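Colleague: Pasting query_37.txt below, which is compact mmCIF, C-alpha atoms.
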```txt
# COMPACT_ATOMS: atom_id res chain seq x y z
CA MET A 692 109.72 101.79 111.49
CA LEU A 693 110.21 98.69 109.37
CA GLU A 694 112.55 98.39 106.41
CA PRO A 695 110.65 97.33 103.30
CA GLU A 696 110.62 93.70 102.23
CA LEU A 697 111.25 92.83 98.58
CA PRO A 698 108.03 92.90 96.51
CA ASP A 699 107.01 90.43 93.83
CA ARG A 700 106.59 91.19 90.14
CA ALA A 701 103.09 92.60 90.61
CA CYS A 702 104.45 95.95 91.78
CA ALA A 703 105.07 99.36 90.25
CA LEU A 704 108.01 101.39 91.54
CA PHE A 705 108.10 105.20 91.82
CA PHE A 706 111.27 107.02 92.89
CA ASP A 707 111.89 110.61 93.89
CA PHE A 708 115.29 111.83 92.70
CA ASP A 709 117.11 114.26 95.04
CA GLY A 710 117.66 112.77 98.50
CA THR A 711 116.32 109.43 97.31
CA LEU A 712 118.15 108.12 94.24
CA VAL A 713 121.00 110.57 94.90
CA ASP A 714 122.35 112.34 97.97
CA LEU A 715 121.51 116.02 98.32
CA ALA A 716 124.18 118.47 97.20
CA PRO A 717 124.82 122.16 97.95
CA ARG A 718 123.66 123.01 94.42
CA PRO A 719 121.15 121.07 92.29
CA SER A 720 123.72 120.75 89.50
CA ALA A 721 126.29 119.17 91.84
CA VAL A 722 124.54 115.88 92.64
CA HIS A 723 126.41 112.65 92.00
CA VAL A 724 124.69 109.62 90.50
CA VAL A 725 126.25 106.34 91.68
CA ALA A 726 127.55 104.56 88.61
CA ASP A 727 125.21 101.57 88.58
CA VAL A 728 121.97 103.38 89.47
CA PRO A 729 120.81 104.07 85.88
CA ALA A 730 121.50 100.45 84.93
CA LEU A 731 119.66 99.25 88.05
CA LEU A 732 116.62 101.32 87.11
CA ALA A 733 116.73 99.89 83.59
CA GLU A 734 117.03 96.35 84.93
CA LEU A 735 114.09 96.80 87.30
CA SER A 736 112.05 98.37 84.50
CA ALA A 737 112.71 95.37 82.26
CA ALA A 738 111.75 92.95 85.03
CA LEU A 739 108.53 94.88 85.77
CA CYS A 740 107.50 95.36 82.13
CA GLY A 741 108.19 99.10 82.26
CA ALA A 742 106.40 99.85 85.54
CA VAL A 743 109.19 102.03 86.98
CA ALA A 744 109.00 105.84 87.03
CA VAL A 745 110.79 108.84 88.50
CA VAL A 746 108.60 111.48 90.18
CA SER A 747 110.65 114.56 91.00
CA GLY A 748 110.62 118.29 91.50
CA ARG A 749 113.26 118.54 88.76
CA PRO A 750 112.34 119.14 85.12
CA LEU A 751 112.26 116.11 82.84
CA ALA A 752 115.35 117.33 80.98
CA GLU A 753 117.42 117.27 84.17
CA ILE A 754 116.13 113.83 85.20
CA ASP A 755 117.12 112.48 81.79
CA HIS A 756 120.52 114.22 81.95
CA PHE A 757 121.49 112.65 85.25
CA LEU A 758 120.14 109.17 84.44
CA ARG A 759 121.43 109.00 80.87
CA PRO A 760 121.44 106.84 78.83
CA VAL A 761 118.28 105.51 80.54
CA THR A 762 114.96 107.22 79.78
CA LEU A 763 112.06 106.22 82.02
CA PRO A 764 108.46 107.30 82.45
CA ALA A 765 108.76 110.37 84.64
CA ALA A 766 106.93 113.27 86.22
CA GLY A 767 108.93 116.48 86.45
CA VAL A 768 108.34 119.72 88.37
CA HIS A 769 106.03 117.86 90.77
CA GLY A 770 103.84 116.69 87.90
CA VAL A 771 103.75 119.86 85.77
CA GLU A 772 105.50 117.73 83.12
CA ARG A 773 104.73 114.03 82.74
CA ARG A 774 106.13 111.51 80.26
CA ARG A 775 104.04 108.38 79.88
CA ALA A 776 105.50 104.95 79.22
CA ASP A 777 104.73 105.38 75.50
CA GLY A 778 106.90 108.50 75.42
CA ARG A 779 104.12 111.07 75.11
CA VAL A 780 104.70 114.17 77.25
CA SER A 781 101.94 116.31 78.73
CA ARG A 782 102.38 119.68 80.44
CA LEU A 783 100.00 121.65 82.61
CA ASP A 784 99.11 125.20 81.71
CA CYS A 785 100.75 127.46 84.30
CA SER A 786 100.66 131.11 85.30
CA GLU A 787 103.45 133.37 84.15
CA LEU A 788 106.08 133.84 86.84
CA HIS A 789 108.08 136.74 85.38
CA GLU A 790 106.59 139.38 87.67
CA ALA A 791 106.92 137.16 90.72
CA ALA A 792 110.56 136.43 89.89
CA THR A 793 111.67 140.06 90.15
CA GLY A 794 111.77 140.20 93.95
CA ILE A 795 113.45 136.80 94.17
CA GLN A 796 116.17 137.87 91.76
CA ALA A 797 116.84 140.97 93.87
CA LEU A 798 117.13 138.83 97.00
CA CYS A 799 119.61 136.52 95.29
CA GLN A 800 121.68 139.48 94.14
CA ARG A 801 121.96 140.63 97.76
CA HIS A 802 122.80 137.11 98.95
CA PRO A 803 124.86 135.20 96.33
CA ALA A 804 124.65 131.97 98.37
CA LEU A 805 120.96 131.74 97.44
CA ILE A 806 119.97 129.96 94.23
CA MET A 807 116.87 130.82 92.24
CA GLU A 808 115.84 127.95 89.98
CA VAL A 809 113.31 128.69 87.23
CA LYS A 810 111.59 125.53 85.98
CA PRO A 811 108.87 124.95 83.39
CA GLY A 812 105.86 126.47 85.19
CA ALA A 813 107.50 126.68 88.62
CA MET A 814 110.18 128.53 90.58
CA ALA A 815 112.33 127.40 93.50
CA LEU A 816 114.54 129.30 95.93
CA HIS A 817 117.32 127.19 97.46
CA TYR A 818 119.00 128.26 100.69
CA ARG A 819 121.07 125.15 101.51
CA GLN A 820 124.22 127.27 101.61
CA ALA A 821 122.59 129.99 103.72
CA PRO A 822 120.16 128.35 106.18
CA GLU A 823 120.15 131.50 108.32
CA LEU A 824 118.16 133.19 105.52
CA GLU A 825 115.22 130.80 105.79
CA ALA A 826 112.75 133.39 107.13
CA GLU A 827 113.77 135.96 104.53
CA CYS A 828 113.42 133.40 101.73
CA LEU A 829 109.98 132.35 102.95
CA ALA A 830 108.83 135.97 103.14
CA ALA A 831 110.07 136.73 99.62
CA MET A 832 108.39 133.66 98.15
CA SER A 833 105.17 134.41 100.02
CA ASP A 834 105.21 137.87 98.45
CA ALA A 835 105.77 136.28 95.04
CA LEU A 836 102.83 133.94 95.63
CA ALA A 837 100.55 136.93 96.14
CA ARG A 838 101.45 138.19 92.67
CA VAL A 839 100.35 135.12 90.69
CA GLN A 840 97.18 133.10 90.22
CA GLY A 841 96.73 129.36 90.59
CA MET A 842 99.98 128.67 92.44
CA ASP A 843 100.85 127.10 95.78
CA LEU A 844 103.83 127.65 98.06
CA MET A 845 105.62 124.41 98.94
CA ARG A 846 108.48 123.92 101.37
CA GLY A 847 111.17 121.25 101.22
CA LYS A 848 114.66 120.65 102.58
CA ARG A 849 116.08 124.20 102.61
CA VAL A 850 114.07 125.11 99.54
CA VAL A 851 110.84 127.05 99.00
CA GLU A 852 108.98 126.57 95.73
CA LEU A 853 106.05 127.99 93.80
CA LYS A 854 104.20 125.37 91.79
CA PRO A 855 100.78 125.16 90.11
CA SER A 856 97.97 124.29 92.52
CA ASN A 857 96.81 121.46 90.27
CA ALA A 858 100.22 119.75 90.24
CA GLY A 859 101.61 117.36 92.84
CA LYS A 860 103.42 114.08 93.19
CA GLY A 861 100.29 112.34 94.45
CA HIS A 862 98.37 113.42 91.34
CA ALA A 863 101.24 112.22 89.14
CA VAL A 864 101.33 108.77 90.76
CA ARG A 865 97.57 108.37 90.36
CA ALA A 866 97.80 109.35 86.69
CA PHE A 867 100.48 106.73 86.08
CA MET A 868 98.44 104.09 87.89
CA ASP A 869 95.58 104.62 85.41
CA GLU A 870 97.86 103.76 82.49
CA THR A 871 99.69 100.78 81.04
CA PRO A 872 102.01 99.27 82.29
CA PHE A 873 101.24 100.49 85.83
CA GLN A 874 97.60 99.44 85.98
CA ARG A 875 96.58 96.65 88.35
CA ARG A 876 99.95 96.69 90.10
CA GLN A 877 100.76 97.51 93.72
CA PRO A 878 102.42 100.96 93.79
CA TRP A 879 105.56 101.60 95.84
CA PHE A 880 106.84 105.14 96.34
CA PHE A 881 110.30 106.07 97.65
CA GLY A 882 110.93 109.66 98.77
CA ASP A 883 112.80 111.71 101.33
CA ASP A 884 111.08 115.08 101.72
CA VAL A 885 107.83 116.68 102.82
CA THR A 886 107.06 117.16 99.12
CA ASP A 887 106.78 113.36 98.88
CA GLU A 888 104.12 112.99 101.57
CA ALA A 889 101.27 113.46 99.08
CA ALA A 890 102.67 110.57 97.04
CA PHE A 891 102.95 108.44 100.18
CA ASP A 892 99.27 109.14 100.87
CA ALA A 893 98.33 108.29 97.29
CA VAL A 894 100.05 104.91 97.16
CA GLN A 895 98.74 103.92 100.58
CA ALA A 896 95.20 104.79 99.48
CA LEU A 897 95.77 102.49 96.50
CA GLY A 898 96.92 99.62 98.72
CA GLY A 899 100.59 100.29 98.08
CA VAL A 900 103.75 100.77 100.11
CA SER A 901 105.44 104.06 101.03
CA VAL A 902 109.12 104.25 101.96
CA LYS A 903 110.75 107.26 103.60
CA ILE A 904 114.44 107.74 102.83
CA GLY A 905 116.28 109.24 105.79
CA GLU A 906 115.12 110.82 109.03
CA GLY A 907 112.13 112.99 109.81
CA ASP A 908 108.44 112.73 110.57
CA THR A 909 106.44 111.00 107.87
CA GLY A 910 103.22 109.25 107.02
CA ALA A 911 105.20 106.54 105.21
CA SER A 912 104.88 102.98 106.43
CA HIS A 913 108.54 101.99 105.94
CA ARG A 914 111.97 103.61 106.06
CA LEU A 915 115.48 103.24 104.63
CA THR A 916 118.35 105.19 106.15
CA ASP A 917 119.76 106.92 103.06
CA PRO A 918 120.15 106.65 99.27
CA ALA A 919 122.93 104.07 99.69
CA ALA A 920 120.52 101.83 101.60
CA LEU A 921 117.99 102.26 98.79
CA HIS A 922 120.61 101.31 96.21
CA GLY A 923 121.32 98.12 98.15
CA TRP A 924 117.58 97.35 98.28
CA MET A 925 117.32 97.90 94.51
CA ARG A 926 120.26 95.59 93.84
CA ARG A 927 118.68 92.84 95.94
CA LEU A 928 115.35 93.27 94.18
CA ALA A 929 116.96 93.20 90.74
CA ALA A 930 118.79 89.99 91.64
CA ARG A 931 115.56 88.46 92.89
CA LEU A 932 113.41 89.42 89.92
CA GLY A 933 115.78 89.06 87.00
CA SER A 934 114.29 90.03 83.65
CA THR A 935 113.22 86.69 82.18
CA ARG A 936 109.45 86.93 82.59
CA ALA A 937 107.40 87.55 79.44
CA CYS A 938 105.82 90.97 79.74
CA GLY A 939 102.80 89.92 77.75
CA GLU A 940 101.69 87.84 80.73
CA SER A 941 99.29 89.38 83.26
CA VAL A 942 100.65 90.33 86.64
```
Step by step, read the file and then write its structure as structure tokens.
Modeller:
Amino acid sequence: MLEPELPDRACALFFDFDGTLVDLAPRPSAVHVVADVPALLAELSAALCGAVAVVSGRPLAEIDHFLRPVTLPAAGVHGVERRRADGRVSRLDCSELHEAATGIQALCQRHPALIMEVKPGAMALHYRQAPELEAECLAAMSDALARVQGMDLMRGKRVVELKPSNAGKGHAVRAFMDETPFQRRQPWFFGDDVTDEAAFDAVQALGGVSVKIGEGDTGASHRLTDPAALHGWMRRLAARLGSTRACGESV
């Protein structure tokens, strides 16, 4: 699979976070952001008139925490939360998860290596530190799914998650592409996990470019080996584009 070439200024860039902008870590709180990545994102955003966004399974608050002091347009919790370029935040109405969480909490008490992550309108069960418990985690989350309305079960890299059926990274990308400053640009999406495949499909349907980070089967058209390779690509693109173009001009 080909590595991506450098696009011109008529593009919009969308980045997943975990496994894409940062390497995966045993716990979500333990990820390390390479020092120049926030500044790189800010530089690319300036060069592309603001058409750079993060689309992640993490809540917006966590995205902002790890990328501080940079605040970008972003979709959190797979699109349950979405901050537009003008700063307005919208959130989907979601089913209550309290009843569903009871069985997951009991499972985590029996197996302390498991991590239950409660997000705005979603819930994830991480088993990166106990991969042998995959089947038990899937069964517990499937049982939780049966207790709530309007939710889907989604699997990722050693994580199982409940999210609203009407949320997804593909939906989030399409919503951004209907808004300024993303309109009439070619979308590029960078992601590493099966949860990013819907976004790959969305950008390809819009005439864009999809880039898989790391190994694994994918519908993406291009691939980079790891987050470090993506960082190098971003540095080359930032050097190529600069930030001198007037953003009032049409792309």
Colleague: Can you build me a table of range 829-903 of chain A residues sitting at most 12 Å from range 773-797 of chain A, with the closest atom pair per residue and its distance in Å to one decimal, using all atoms listed in the file, sorted by chain and residue number, as a tab-separated table?
Modeller:
```
residue	atom	partner	partner_atom	distance
A:Leu829	CA	A:Ile795	CA	10.4
A:Ala830	CA	A:Ile795	CA	10.1
A:Ala831	CA	A:Ile795	CA	6.4
A:Met832	CA	A:Ile795	CA	7.2
A:Ser833	CA	A:Ala791	CA	9.9
A:Asp834	CA	A:Ala791	CA	7.9
A:Ala835	CA	A:Ala791	CA	4.6
A:Leu836	CA	A:Ala791	CA	7.2
A:Ala837	CA	A:Ala791	CA	8.4
A:Arg838	CA	A:Ala791	CA	5.9
A:Val839	CA	A:Ser786	CA	6.7
A:Gln840	CA	A:Ser786	CA	6.3
A:Gly841	CA	A:Ser786	CA	6.8
A:Met842	CA	A:Ser786	CA	7.6
A:Asp843	CA	A:Ser786	CA	11.2
A:Val851	CA	A:Ile795	CA	11.2
A:Glu852	CA	A:Ile795	CA	11.3
A:Leu853	CA	A:Leu788	CA	9.1
A:Lys854	CA	A:Cys785	CA	8.5
A:Pro855	CA	A:Cys785	CA	6.2
A:Ser856	CA	A:Cys785	CA	9.2
A:Asn857	CA	A:Leu783	CA	8.3
A:Ala858	CA	A:Leu783	CA	7.9
A:Gly859	CA	A:Arg773	CA	11.1
A:Lys860	CA	A:Arg773	CA	10.5
A:His862	CA	A:Arg773	CA	10.7
A:Ala863	CA	A:Arg773	CA	7.5
A:Val864	CA	A:Arg773	CA	10.2
A:Arg865	CA	A:Arg773	CA	11.9
A:Ala866	CA	A:Arg773	CA	9.2
A:Phe867	CA	A:Arg775	CA	7.3
A:Met868	CA	A:Arg775	CA	10.7
A:Asp869	CA	A:Arg775	CA	10.8
A:Glu870	CA	A:Arg775	CA	8.1
A:Thr871	CA	A:Ala776	CA	7.4
A:Pro872	CA	A:Ala776	CA	7.3
A:Phe873	CA	A:Ala776	CA	9.0
A:Gln874	CA	A:Ala776	CA	11.8
```
Colleague: When you draw a straight line from CA of Met925 in chain A to CA of Leu731 in chain A, how long is it in Å?
Modeller: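 Between these atoms lies a distance of 7.0 Å.
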Colleague: Write out as number ranges by chain each polymer residue whose atoms come within 10 Å of Asp884 in chain A, counting all atoms listed in the file; drop sequence neighbours fewer than 5 positions from it.
Modeller: A: 707, 709-711, 846-848, 903-909
Colleague: Could you tell me, as a ChimeraX atom specification, which residues have any atom at most 12 Å from (119.7, 125.9, 97.3), counting only C-alpha atoms?
Modeller: /A:715-721,799,802-808,814-822,824-825,828,847-852
Colleague: How many Å lie between CA of Phe891 in chain A and CA of Pro760 in chain A, rounded to one decimal?
Modeller: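 Value for the CA of Phe891 in chain A-CA of Pro760 in chain A distance: 28.3 Å.
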Colleague: Give me the residues near Asp714 in chain A as a PDB file with C-alpha atoms, keeping the file's coordinate frame, where near means some atom within 9 Å (using only C-alpha atoms) and where sequence neighbours in that chain fewer than 3 positions away do not count.
Modeller:
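Saved as around-v3.pdb:
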```
ATOM      1  CA  PHE A 708     115.290 111.830  92.700  1.00  0.00           C
ATOM      2  CA  ASP A 709     117.110 114.260  95.040  1.00  0.00           C
ATOM      3  CA  GLY A 710     117.660 112.770  98.500  1.00  0.00           C
ATOM      4  CA  THR A 711     116.320 109.430  97.310  1.00  0.00           C
ATOM      5  CA  VAL A 722     124.540 115.880  92.640  1.00  0.00           C
ATOM      6  CA  HIS A 723     126.410 112.650  92.000  1.00  0.00           C
ATOM      7  CA  VAL A 724     124.690 109.620  90.500  1.00  0.00           C
ATOM      8  CA  ASP A 917     119.760 106.920 103.060  1.00  0.00           C
ATOM      9  CA  PRO A 918     120.150 106.650  99.270  1.00  0.00           C
ATOM     10  CA  ALA A 919     122.930 104.070  99.690  1.00  0.00           C
TER      11      ALA A 919
END
```
Colleague: Find the spatial neighbours of range 926-934 of chain A, counting all atoms listed in the file, within a cut-off of 6 Å - ignore same-chain residues fewer than 4 positions away - and output them as a short mmCIF file (atom, residue, chain, number, x, y, z; two decimals) with C-alpha atoms, keeping the file's coordinate frame.
Modeller:
```
data_model
loop_
_atom_site.label_atom_id
_atom_site.label_comp_id
_atom_site.auth_asym_id
_atom_site.auth_seq_id
_atom_site.Cartn_x
_atom_site.Cartn_y
_atom_site.Cartn_z
CA LEU A 735 114.09 96.80 87.30
CA ALA A 737 112.71 95.37 82.26
CA ALA A 738 111.75 92.95 85.03
#
```
